[in-house]
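K.L.:
Contents of work.txt (compact mmCIF, C-alpha atoms and all ligand atoms) are given next:
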# COMPACT_ATOMS: atom_id res chain seq x y z
CA MET O 1 -55.22 80.28 -17.35
CA GLU O 2 -57.86 80.35 -14.64
CA ILE O 3 -59.93 83.51 -14.40
CA LYS O 4 -60.09 84.72 -10.79
CA THR O 5 -60.22 88.48 -11.15
CA VAL O 6 -62.25 90.44 -13.69
CA GLY O 7 -61.47 94.02 -14.65
CA VAL O 8 -64.40 96.18 -15.77
CA VAL O 9 -63.80 99.54 -17.41
CA GLY O 10 -66.78 101.83 -16.89
CA CYS O 11 -69.35 101.69 -14.08
CA GLY O 12 -72.34 103.18 -15.88
CA LEU O 13 -75.56 101.36 -16.77
CA MET O 14 -73.80 98.40 -18.42
CA GLY O 15 -70.49 98.37 -16.51
CA SER O 16 -72.16 98.36 -13.09
CA GLY O 17 -74.37 95.45 -14.18
CA ILE O 18 -71.37 93.53 -15.53
CA ALA O 19 -69.39 94.13 -12.32
CA GLN O 20 -72.39 92.96 -10.28
CA VAL O 21 -72.96 89.69 -12.18
CA CYS O 22 -69.22 88.89 -12.10
CA ALA O 23 -69.09 89.39 -8.32
CA GLN O 24 -72.31 87.40 -7.86
CA ALA O 25 -70.67 84.54 -9.80
CA GLY O 26 -67.78 84.55 -7.29
CA PHE O 27 -65.12 86.49 -9.23
CA ASP O 28 -63.11 89.28 -7.68
CA VAL O 29 -63.88 92.46 -9.60
CA ILE O 30 -61.92 95.68 -10.08
CA VAL O 31 -64.10 98.31 -11.69
CA HIS O 32 -62.78 101.56 -13.12
CA GLU O 33 -64.45 104.95 -13.48
CA LEU O 34 -62.99 108.29 -14.48
CA ASN O 35 -63.39 109.91 -11.08
CA ASP O 36 -64.61 109.23 -7.54
CA ASP O 37 -67.97 110.85 -8.14
CA LEU O 38 -68.82 108.60 -11.11
CA LEU O 39 -67.46 105.61 -9.22
CA ALA O 40 -69.68 106.34 -6.22
CA LYS O 41 -72.73 106.61 -8.50
CA GLY O 42 -71.89 103.32 -10.22
CA LEU O 43 -71.29 101.44 -6.96
CA ALA O 44 -74.55 102.87 -5.57
CA LYS O 45 -76.39 101.31 -8.54
CA ILE O 46 -74.94 97.91 -7.66
CA ASP O 47 -75.87 98.39 -3.99
CA LYS O 48 -79.44 99.30 -4.99
CA ASN O 49 -79.78 96.30 -7.30
CA LEU O 50 -78.51 93.92 -4.62
CA SER O 51 -80.91 95.46 -2.08
CA ARG O 52 -83.72 94.71 -4.54
CA LEU O 53 -82.63 91.04 -4.49
CA VAL O 54 -82.51 91.04 -0.66
CA LYS O 55 -85.99 92.56 -0.50
CA LYS O 56 -87.28 89.84 -2.81
CA GLU O 57 -85.54 87.27 -0.58
CA LYS O 58 -83.45 86.03 -3.52
CA ILE O 59 -80.26 86.62 -1.51
CA ALA O 60 -79.59 87.23 2.20
CA GLU O 61 -78.26 90.52 3.60
CA ALA O 62 -74.97 88.66 4.35
CA ASP O 63 -74.73 87.57 0.66
CA LYS O 64 -75.11 91.20 -0.38
CA ALA O 65 -72.25 92.21 1.91
CA ASN O 66 -70.06 89.40 0.55
CA ILE O 67 -70.80 90.32 -3.08
CA LEU O 68 -70.00 93.98 -2.42
CA LYS O 69 -66.73 92.96 -0.74
CA LYS O 70 -65.67 91.30 -3.98
CA ILE O 71 -65.91 94.61 -5.86
CA THR O 72 -63.08 97.15 -5.70
CA GLY O 73 -63.63 100.51 -7.33
CA THR O 74 -60.75 102.57 -8.71
CA SER O 75 -60.07 105.63 -10.82
CA ASP O 76 -56.62 104.27 -11.69
CA LEU O 77 -56.92 102.22 -14.89
CA LEU O 78 -53.66 100.40 -14.23
CA ARG O 79 -55.14 98.75 -11.11
CA LEU O 80 -56.91 96.43 -13.58
CA LYS O 81 -53.67 94.79 -14.62
CA SER O 82 -54.06 92.05 -12.00
CA ALA O 83 -57.20 90.79 -13.78
CA GLN O 84 -57.14 87.79 -16.13
CA ILE O 85 -59.95 89.22 -18.27
CA ILE O 86 -60.83 92.88 -18.79
CA ILE O 87 -64.25 93.91 -20.09
CA GLU O 88 -64.63 97.45 -21.35
CA ALA O 89 -68.09 99.04 -21.10
CA VAL O 90 -67.64 102.75 -21.83
CA SER O 91 -69.66 104.83 -24.31
CA GLU O 92 -69.63 103.99 -28.01
CA ASP O 93 -66.63 106.17 -28.88
CA ILE O 94 -63.98 104.33 -30.85
CA ALA O 95 -61.20 106.78 -29.93
CA VAL O 96 -61.88 106.38 -26.20
CA LYS O 97 -62.09 102.59 -26.43
CA ARG O 98 -58.85 102.37 -28.43
CA SER O 99 -57.03 104.63 -26.01
CA ILE O 100 -58.16 102.55 -22.98
CA PHE O 101 -57.02 99.30 -24.58
CA ARG O 102 -53.71 100.76 -25.80
CA THR O 103 -52.90 101.82 -22.23
CA LEU O 104 -53.93 98.45 -20.80
CA ASP O 105 -52.06 96.56 -23.53
CA GLU O 106 -48.78 98.17 -22.50
CA GLU O 107 -49.21 97.27 -18.82
CA CYS O 108 -51.08 93.96 -18.67
CA PRO O 109 -49.45 90.53 -18.86
CA PRO O 110 -49.57 89.11 -22.41
CA GLU O 111 -52.07 86.37 -21.49
CA THR O 112 -54.79 88.76 -20.22
CA ILE O 113 -57.93 88.51 -22.35
CA PHE O 114 -59.46 91.78 -23.53
CA ALA O 115 -63.17 92.05 -24.30
CA THR O 116 -65.32 94.96 -25.38
CA ASN O 117 -69.02 95.31 -24.63
CA THR O 118 -69.48 97.42 -27.77
CA SER O 119 -72.92 97.01 -29.30
CA SER O 120 -72.19 98.27 -32.79
CA LEU O 121 -68.55 99.17 -33.41
CA SER O 122 -66.43 96.56 -35.13
CA VAL O 123 -64.38 94.69 -32.53
CA ILE O 124 -61.40 94.29 -34.85
CA GLU O 125 -61.15 98.07 -35.26
CA ILE O 126 -60.46 98.31 -31.52
CA ALA O 127 -58.42 95.08 -31.23
CA ALA O 128 -56.08 95.96 -34.12
CA ARG O 129 -54.59 98.86 -32.15
CA THR O 130 -53.28 96.44 -29.50
CA ASN O 131 -50.55 93.81 -29.68
CA ARG O 132 -52.99 91.08 -28.67
CA ALA O 133 -55.63 90.98 -31.39
CA ASP O 134 -55.53 87.18 -30.94
CA LYS O 135 -56.67 87.55 -27.30
CA PHE O 136 -59.40 90.06 -28.09
CA CYS O 137 -63.12 89.39 -28.45
CA GLY O 138 -66.52 90.97 -27.91
CA LEU O 139 -68.70 90.18 -24.87
CA HIS O 140 -71.97 91.98 -25.50
CA PHE O 141 -74.35 92.06 -22.53
CA PHE O 142 -77.97 93.26 -22.53
CA ASN O 143 -79.75 95.79 -20.37
CA PRO O 144 -80.60 95.21 -17.52
CA VAL O 145 -77.46 93.06 -17.27
CA PRO O 146 -78.44 91.22 -14.06
CA VAL O 147 -81.75 90.16 -15.66
CA MET O 148 -81.13 89.48 -19.35
CA PRO O 149 -79.66 85.98 -19.87
CA LEU O 150 -77.96 86.64 -23.21
CA VAL O 151 -74.31 87.45 -23.91
CA GLU O 152 -73.14 87.64 -27.51
CA VAL O 153 -69.58 86.30 -27.69
CA VAL O 154 -68.01 87.92 -30.71
CA ARG O 155 -65.17 86.33 -32.63
CA THR O 156 -63.16 88.61 -34.92
CA ILE O 157 -61.04 87.41 -37.82
CA THR O 158 -58.03 87.37 -35.46
CA THR O 159 -59.57 85.92 -32.26
CA THR O 160 -58.03 82.51 -31.58
CA ASP O 161 -60.17 79.46 -30.79
CA ALA O 162 -58.61 79.33 -27.31
CA THR O 163 -59.59 82.95 -26.54
CA PHE O 164 -63.09 82.47 -27.92
CA GLU O 165 -63.63 79.26 -25.92
CA GLN O 166 -62.38 80.87 -22.70
CA ALA O 167 -64.64 83.87 -23.18
CA PHE O 168 -67.62 81.63 -23.97
CA ALA O 169 -66.96 79.47 -20.89
CA PHE O 170 -66.56 82.62 -18.78
CA ALA O 171 -69.98 83.91 -19.93
CA LYS O 172 -71.50 80.56 -18.90
CA LYS O 173 -69.84 80.81 -15.47
CA LEU O 174 -71.64 84.12 -15.04
CA GLY O 175 -74.88 82.16 -15.36
CA LYS O 176 -75.54 83.65 -18.80
CA LYS O 177 -76.63 81.85 -21.97
CA PRO O 178 -74.04 82.90 -24.56
CA ILE O 179 -74.37 82.74 -28.32
CA SER O 180 -71.52 82.89 -30.80
CA CYS O 181 -71.43 85.52 -33.53
CA LYS O 182 -69.30 87.19 -36.15
CA ASP O 183 -67.84 90.67 -35.84
CA ASN O 184 -70.45 92.43 -37.98
CA SER O 185 -71.92 95.71 -36.75
CA GLY O 186 -74.86 94.99 -34.42
CA PHE O 187 -73.96 91.28 -34.13
CA VAL O 188 -77.26 89.31 -34.02
CA VAL O 189 -79.61 91.17 -31.70
CA ASN O 190 -78.99 94.80 -32.65
CA LEU O 191 -78.90 93.87 -36.34
CA LEU O 192 -82.59 92.98 -35.95
CA LEU O 193 -83.63 95.13 -32.99
CA VAL O 194 -82.28 98.53 -34.10
CA PRO O 195 -84.22 98.73 -37.42
CA PHE O 196 -87.35 97.61 -35.52
CA MET O 197 -86.97 100.41 -32.96
CA LEU O 198 -86.19 102.97 -35.70
CA ASP O 199 -89.32 101.85 -37.58
CA ALA O 200 -91.35 102.54 -34.44
CA ILE O 201 -89.99 106.13 -34.46
CA ARG O 202 -90.88 106.44 -38.16
CA ALA O 203 -94.40 105.25 -37.26
CA VAL O 204 -94.61 108.14 -34.73
CA GLU O 205 -93.29 110.57 -37.37
CA ASN O 206 -95.90 109.35 -39.86
CA GLY O 207 -98.75 109.62 -37.34
CA VAL O 208 -99.59 105.92 -37.70
CA ALA O 209 -100.78 105.75 -34.07
CA SER O 210 -100.10 107.36 -30.71
CA ILE O 211 -96.91 106.54 -28.80
CA ALA O 212 -98.91 104.62 -26.21
CA ASP O 213 -100.81 102.64 -28.86
CA ILE O 214 -97.65 101.71 -30.82
CA ASP O 215 -96.20 100.32 -27.59
CA LYS O 216 -99.45 98.63 -26.60
CA GLY O 217 -99.69 97.10 -30.07
CA MET O 218 -96.33 95.34 -29.83
CA GLN O 219 -96.86 94.29 -26.21
CA LEU O 220 -100.33 92.85 -26.67
CA GLY O 221 -99.96 91.69 -30.27
CA CYS O 222 -96.49 90.17 -30.10
CA GLY O 223 -95.90 89.54 -26.40
CA HIS O 224 -92.98 91.96 -26.12
CA PRO O 225 -92.26 92.84 -22.45
CA MET O 226 -91.90 96.52 -23.42
CA GLY O 227 -93.19 98.38 -26.46
CA PRO O 228 -90.46 99.73 -28.79
CA LEU O 229 -90.74 103.37 -27.67
CA THR O 230 -90.54 102.41 -23.99
CA LEU O 231 -87.57 100.21 -24.88
CA LEU O 232 -85.92 103.14 -26.69
CA ASP O 233 -86.29 105.29 -23.58
CA PHE O 234 -84.92 102.40 -21.49
CA VAL O 235 -81.86 101.79 -23.71
CA GLY O 236 -81.27 105.56 -24.06
CA LEU O 237 -82.03 107.68 -27.12
CA ASP O 238 -78.44 108.98 -27.20
CA THR O 239 -77.10 105.42 -27.19
CA THR O 240 -79.55 104.33 -29.89
CA TYR O 241 -78.63 107.36 -32.00
CA PHE O 242 -74.91 106.48 -31.73
CA ILE O 243 -75.59 102.84 -32.60
CA ALA O 244 -77.85 103.69 -35.56
CA ASN O 245 -75.24 106.06 -37.01
CA ILE O 246 -72.52 103.42 -36.70
CA MET O 247 -74.71 100.76 -38.30
CA PHE O 248 -75.80 103.11 -41.09
CA ASP O 249 -72.18 103.93 -41.73
CA GLU O 250 -71.36 100.21 -41.97
CA TYR O 251 -74.27 98.99 -44.10
CA ARG O 252 -75.41 102.20 -45.91
CA GLU O 253 -78.97 100.90 -45.75
CA GLN O 254 -81.96 103.16 -45.11
CA ARG O 255 -83.34 100.92 -42.36
CA TYR O 256 -80.39 101.79 -40.08
CA ALA O 257 -80.62 105.56 -40.72
CA PRO O 258 -81.60 107.46 -37.55
CA PRO O 259 -84.96 109.20 -38.14
CA PRO O 260 -84.96 113.03 -37.76
CA LEU O 261 -87.23 112.81 -34.68
CA LEU O 262 -84.61 110.71 -32.87
CA LYS O 263 -81.94 113.27 -33.70
CA ARG O 264 -84.16 116.15 -32.50
CA LEU O 265 -84.85 114.42 -29.16
CA VAL O 266 -81.13 113.80 -28.66
CA LEU O 267 -80.29 117.41 -29.58
CA ALA O 268 -82.86 118.53 -27.01
CA GLY O 269 -81.12 116.44 -24.34
CA HIS O 270 -84.13 114.14 -24.00
CA PHE O 271 -82.25 110.85 -23.72
CA GLY O 272 -85.09 108.79 -22.25
CA LYS O 273 -85.53 107.38 -18.75
CA LYS O 274 -82.08 108.45 -17.55
CA THR O 275 -82.83 112.15 -18.16
CA GLY O 276 -86.49 111.88 -17.10
CA ARG O 277 -87.81 112.52 -20.60
CA GLY O 278 -87.75 110.91 -24.03
CA PHE O 279 -90.80 109.54 -25.82
CA TYR O 280 -92.35 109.54 -22.35
CA ASP O 281 -92.17 111.98 -19.45
CA TYR O 282 -91.10 110.22 -16.25
CA SER O 283 -91.67 113.06 -13.78
CA GLY O 284 -94.98 111.72 -12.45
CA ASP O 285 -95.96 108.42 -10.85
CA GLU O 286 -96.56 106.79 -14.26
CA PRO O 287 -94.80 107.62 -17.54
CA VAL O 288 -96.96 109.69 -19.92
CA ALA O 289 -96.35 110.20 -23.64
CA ALA O 290 -94.27 113.38 -24.08
CA LEU O 291 -94.96 114.07 -27.80
N1 LIG Y 301 -81.85 96.07 -12.88
C1 LIG Y 301 -81.87 94.85 -12.28
N2 LIG Y 301 -82.99 94.10 -12.20
C2 LIG Y 301 -84.11 94.61 -12.72
C3 LIG Y 301 -84.16 95.86 -13.34
C4 LIG Y 301 -82.96 96.61 -13.40
N3 LIG Y 301 -82.90 97.79 -14.01
N4 LIG Y 301 -85.43 96.10 -13.76
C5 LIG Y 301 -86.13 95.01 -13.42
N5 LIG Y 301 -85.36 94.11 -12.81
C6 LIG Y 301 -85.73 92.78 -12.33
C7 LIG Y 301 -86.76 92.79 -11.25
O1 LIG Y 301 -86.14 92.81 -9.98
C8 LIG Y 301 -87.49 91.49 -11.48
O2 LIG Y 301 -86.75 90.41 -10.93
P1 LIG Y 301 -87.48 89.07 -10.45
O3 LIG Y 301 -88.25 88.51 -11.60
O4 LIG Y 301 -86.33 88.22 -10.05
O5 LIG Y 301 -88.35 89.46 -9.32
C9 LIG Y 301 -87.47 91.32 -12.98
O6 LIG Y 301 -86.37 92.13 -13.46
C10 LIG Y 301 -88.75 91.76 -13.61
O7 LIG Y 301 -88.95 93.11 -13.19
P2 LIG Y 301 -90.35 93.79 -12.93
O8 LIG Y 301 -91.36 92.74 -12.57
O9 LIG Y 301 -90.18 94.93 -11.98
O10 LIG Y 301 -90.65 94.48 -14.29
P3 LIG Y 301 -90.96 93.85 -15.66
O11 LIG Y 301 -91.65 92.54 -15.55
O12 LIG Y 301 -91.57 94.96 -16.41
O13 LIG Y 301 -89.51 93.53 -16.28
C11 LIG Y 301 -87.68 94.06 -17.65
C12 LIG Y 301 -88.55 94.50 -16.47
C13 LIG Y 301 -86.92 92.79 -17.27
C14 LIG Y 301 -86.70 95.19 -17.90
C15 LIG Y 301 -88.61 93.73 -18.86
O14 LIG Y 301 -89.47 94.81 -19.10
C16 LIG Y 301 -87.83 93.43 -20.12
O15 LIG Y 301 -87.37 92.32 -20.33
N6 LIG Y 301 -87.74 94.45 -21.01
C17 LIG Y 301 -87.00 94.32 -22.27
C18 LIG Y 301 -85.55 94.56 -22.01
C19 LIG Y 301 -84.75 94.42 -23.27
O16 LIG Y 301 -85.23 94.19 -24.35
N7 LIG Y 301 -83.45 94.58 -23.09
C20 LIG Y 301 -82.51 94.57 -24.21
C21 LIG Y 301 -82.24 95.97 -24.61
S1 LIG Y 301 -81.20 96.04 -26.00
C22 LIG Y 301 -79.67 96.00 -25.34
O17 LIG Y 301 -79.45 96.02 -24.16
C23 LIG Y 301 -78.58 95.99 -26.32
C24 LIG Y 301 -77.85 97.30 -26.33
O18 LIG Y 301 -76.68 97.11 -27.11
C25 LIG Y 301 -78.69 98.40 -26.92
The structure given in the file should be rewritten as structure tokens.
P.N.:
Amino acid sequence: MEIKTVGVVGCGLMGSGIAQVCAQAGFDVIVHELNDDLLAKGLAKIDKNLSRLVKKEKIAEADKANILKKITGTSDLLRLKSAQIIIEAVSEDIAVKRSIFRTLDEECPPETIFATNTSSLSVIEIAARTNRADKFCGLHFFNPVPVMPLVEVVRTITTTDATFEQAFAFAKKLGKKPISCKDNSGFVVNLLLVPFMLDAIRAVENGVASIADIDKGMQLGCGHPMGPLTLLDFVGLDTTYFIANIMFDEYREQRYAPPPLLKRLVLAGHFGKKTGRGFYDYSGDEPVAAL
């Protein structure tokens, strides 16, 4: 089966990036959001990102128009049934993900491949509620999706070789550099990255150094493009809190336990860059430490 059309469920931070890279790679894309308002916001993100590429002379204005033409937005989930592969990128809520895939499973042709962009839930737990667990895999992208080259292609205990190989080849067609991994919570990157970011929060809690110096330490000492607390704000503290809880639940190991300070920031509604405040305050020209 040749993939011509890609369905993307969710047009938030990750979904909009996925829709963009699929369209840039020449696929037709149908992207779903819950309502017209969310859809407009998601499509505006793609427009802004493509304008950035035009400004940097990486693509021409005409290319931008052609890429945008390849993307159709909808609030009707069933419009995605003409796609050969559907990638879900909604929030880390197992009930929501299962419900989306159950609905799609009933309506889509049996050969359609289903993929979830989950970062921490077990893929099989979502796949098992459909009648196509053999055609189900994980495709885990990284933020910002248009920039980060990695996609983790996740094979569950029921994913067939054919499905895995098609998904892997698809990720390559997007211009990404895929790696193969098992369906364990956090896959490869979050398994290592999440405890590192949580340790940075514990360092703040213990007064080891200031927020700015912890970040500076990892940037200048280890060559990281962003310090861990800036990265936390970038990924989203709410998202990290969800992921840490899921991983702690899976492994029952202290290093995945969300520190109390993370919980407090989330309870306060300080989710990081997207809300204007997290470990840093983003209201001025430059971010300043907020704690
Ligand atoms: N969307 C699209 N493109 C973006 C972008 C965005 N949000 N932010 C930056 N870019 C592009 C810029 O246009 C620029 O492109 P160019 O090199 O072609 O000109 C390039 O990225 C570099 O941008 P800048 O020079 O403006 O800024 P930086 O050099 O500071 O780079 C960064 C920004 C690429 C975000 C870099 O800081 C970085 O790599 N940070 C780490 C990101 C990371 O670790 N991501 C993984 C998060 S974990 C995850 O996603 C898993 C999930 O499950 C939690």
K.L.:
Between atom CA of O:Phe142 and atom O15 of ligand LIG 301 (chain Y), what distance in Å does the model show, to one decimal?
P.N.:
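Between atom CA of O:Phe142 and atom O15 of ligand LIG 301 (chain Y) the gap is 9.7 Å.
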K.L.:
Choose the residue, out of O:Ser120, O:Thr156, O:Thr5, O:Gln20, that has the smallest atom-to-atom separation from O:Phe187; count all atoms listed in the file.
P.N.:
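Answer, going by the shortest atom-to-atom distance: O:Ser120.
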K.L.:
Grab the atom CA of O:Phe234 to atom N2 of ligand LIG 301 (chain Y) distance for me, in Å with one decimal place.
P.N.:
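Rounded to one decimal, the two atoms are 12.6 Å apart.
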K.L.:
By how many Å are atom CA of O:Ile246 and atom O15 of ligand LIG 301 (chain Y) apart?
P.N.:
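A separation of 24.7 Å between them.
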K.L.:
Could you list, as JSON, numbers by chain, every residue within 8 Å of O:Asp183, counting all atoms listed in the file and ignoring same-chain residues fewer than 4 positions away?
P.N.:
{"O": [122, 123, 124, 154, 155, 156, 157, 187]}
K.L.:
Can you take the partial stretch 86-112 of chain O, add N, CA and C atoms, and return it as a CSV table (one decimal), keeping the file's coordinate frame?
P.N.:
chain,number,residue,atom,x,y,z
O,86,ILE,N,-60.4,91.5,-19.0
O,86,ILE,CA,-60.8,92.9,-18.8
O,86,ILE,C,-62.0,93.2,-19.8
O,87,ILE,N,-63.1,93.6,-19.2
O,87,ILE,CA,-64.2,93.9,-20.1
O,87,ILE,C,-64.5,95.4,-20.1
O,88,GLU,N,-64.4,96.0,-21.3
O,88,GLU,CA,-64.6,97.4,-21.4
O,88,GLU,C,-66.1,97.7,-21.7
O,89,ALA,N,-66.7,98.7,-20.9
O,89,ALA,CA,-68.1,99.0,-21.1
O,89,ALA,C,-68.2,100.5,-21.0
O,90,VAL,N,-67.5,101.3,-21.8
O,90,VAL,CA,-67.6,102.8,-21.8
O,90,VAL,C,-68.5,103.1,-23.0
O,91,SER,N,-68.7,104.4,-23.2
O,91,SER,CA,-69.7,104.8,-24.3
O,91,SER,C,-69.1,104.5,-25.7
O,92,GLU,N,-70.0,104.5,-26.7
O,92,GLU,CA,-69.6,104.0,-28.0
O,92,GLU,C,-68.7,105.0,-28.8
O,93,ASP,N,-67.6,105.2,-28.3
O,93,ASP,CA,-66.6,106.2,-28.9
O,93,ASP,C,-65.3,105.4,-29.2
O,94,ILE,N,-65.1,105.2,-30.5
O,94,ILE,CA,-64.0,104.3,-30.8
O,94,ILE,C,-62.6,104.9,-30.3
O,95,ALA,N,-62.5,106.2,-30.4
O,95,ALA,CA,-61.2,106.8,-29.9
O,95,ALA,C,-61.0,106.5,-28.4
O,96,VAL,N,-62.0,106.6,-27.6
O,96,VAL,CA,-61.9,106.4,-26.2
O,96,VAL,C,-61.6,104.9,-25.9
O,97,LYS,N,-62.3,104.0,-26.6
O,97,LYS,CA,-62.1,102.6,-26.4
O,97,LYS,C,-60.7,102.2,-26.8
O,98,ARG,N,-60.2,102.7,-28.0
O,98,ARG,CA,-58.8,102.4,-28.4
O,98,ARG,C,-57.8,102.8,-27.4
O,99,SER,N,-58.0,104.1,-26.9
O,99,SER,CA,-57.0,104.6,-26.0
O,99,SER,C,-57.0,103.8,-24.7
O,100,ILE,N,-58.1,103.4,-24.2
O,100,ILE,CA,-58.2,102.6,-23.0
O,100,ILE,C,-57.4,101.3,-23.2
O,101,PHE,N,-57.7,100.6,-24.3
O,101,PHE,CA,-57.0,99.3,-24.6
O,101,PHE,C,-55.5,99.4,-24.9
O,102,ARG,N,-55.2,100.6,-25.5
O,102,ARG,CA,-53.7,100.8,-25.8
O,102,ARG,C,-53.0,100.9,-24.5
O,103,THR,N,-53.5,101.7,-23.5
O,103,THR,CA,-52.9,101.8,-22.2
O,103,THR,C,-52.8,100.5,-21.5
O,104,LEU,N,-53.9,99.7,-21.5
O,104,LEU,CA,-53.9,98.4,-20.8
O,104,LEU,C,-53.0,97.5,-21.4
O,105,ASP,N,-52.9,97.5,-22.8
O,105,ASP,CA,-52.1,96.6,-23.5
O,105,ASP,C,-50.6,96.7,-23.1
O,106,GLU,N,-50.2,97.9,-22.9
O,106,GLU,CA,-48.8,98.2,-22.5
O,106,GLU,C,-48.5,97.6,-21.1
O,107,GLU,N,-49.5,97.6,-20.2
O,107,GLU,CA,-49.2,97.3,-18.8
O,107,GLU,C,-49.6,95.9,-18.4
O,108,CYS,N,-50.6,95.3,-19.1
O,108,CYS,CA,-51.1,94.0,-18.7
O,108,CYS,C,-50.2,92.8,-19.1
O,109,PRO,N,-50.2,91.7,-18.4
O,109,PRO,CA,-49.4,90.5,-18.9
O,109,PRO,C,-50.0,90.1,-20.2
O,110,PRO,N,-49.1,89.4,-21.0
O,110,PRO,CA,-49.6,89.1,-22.4
O,110,PRO,C,-50.8,88.1,-22.5
O,111,GLU,N,-51.0,87.4,-21.4
O,111,GLU,CA,-52.1,86.4,-21.5
O,111,GLU,C,-53.4,87.0,-21.1
O,112,THR,N,-53.5,88.2,-20.6
O,112,THR,CA,-54.8,88.8,-20.2
O,112,THR,C,-55.7,88.9,-21.4
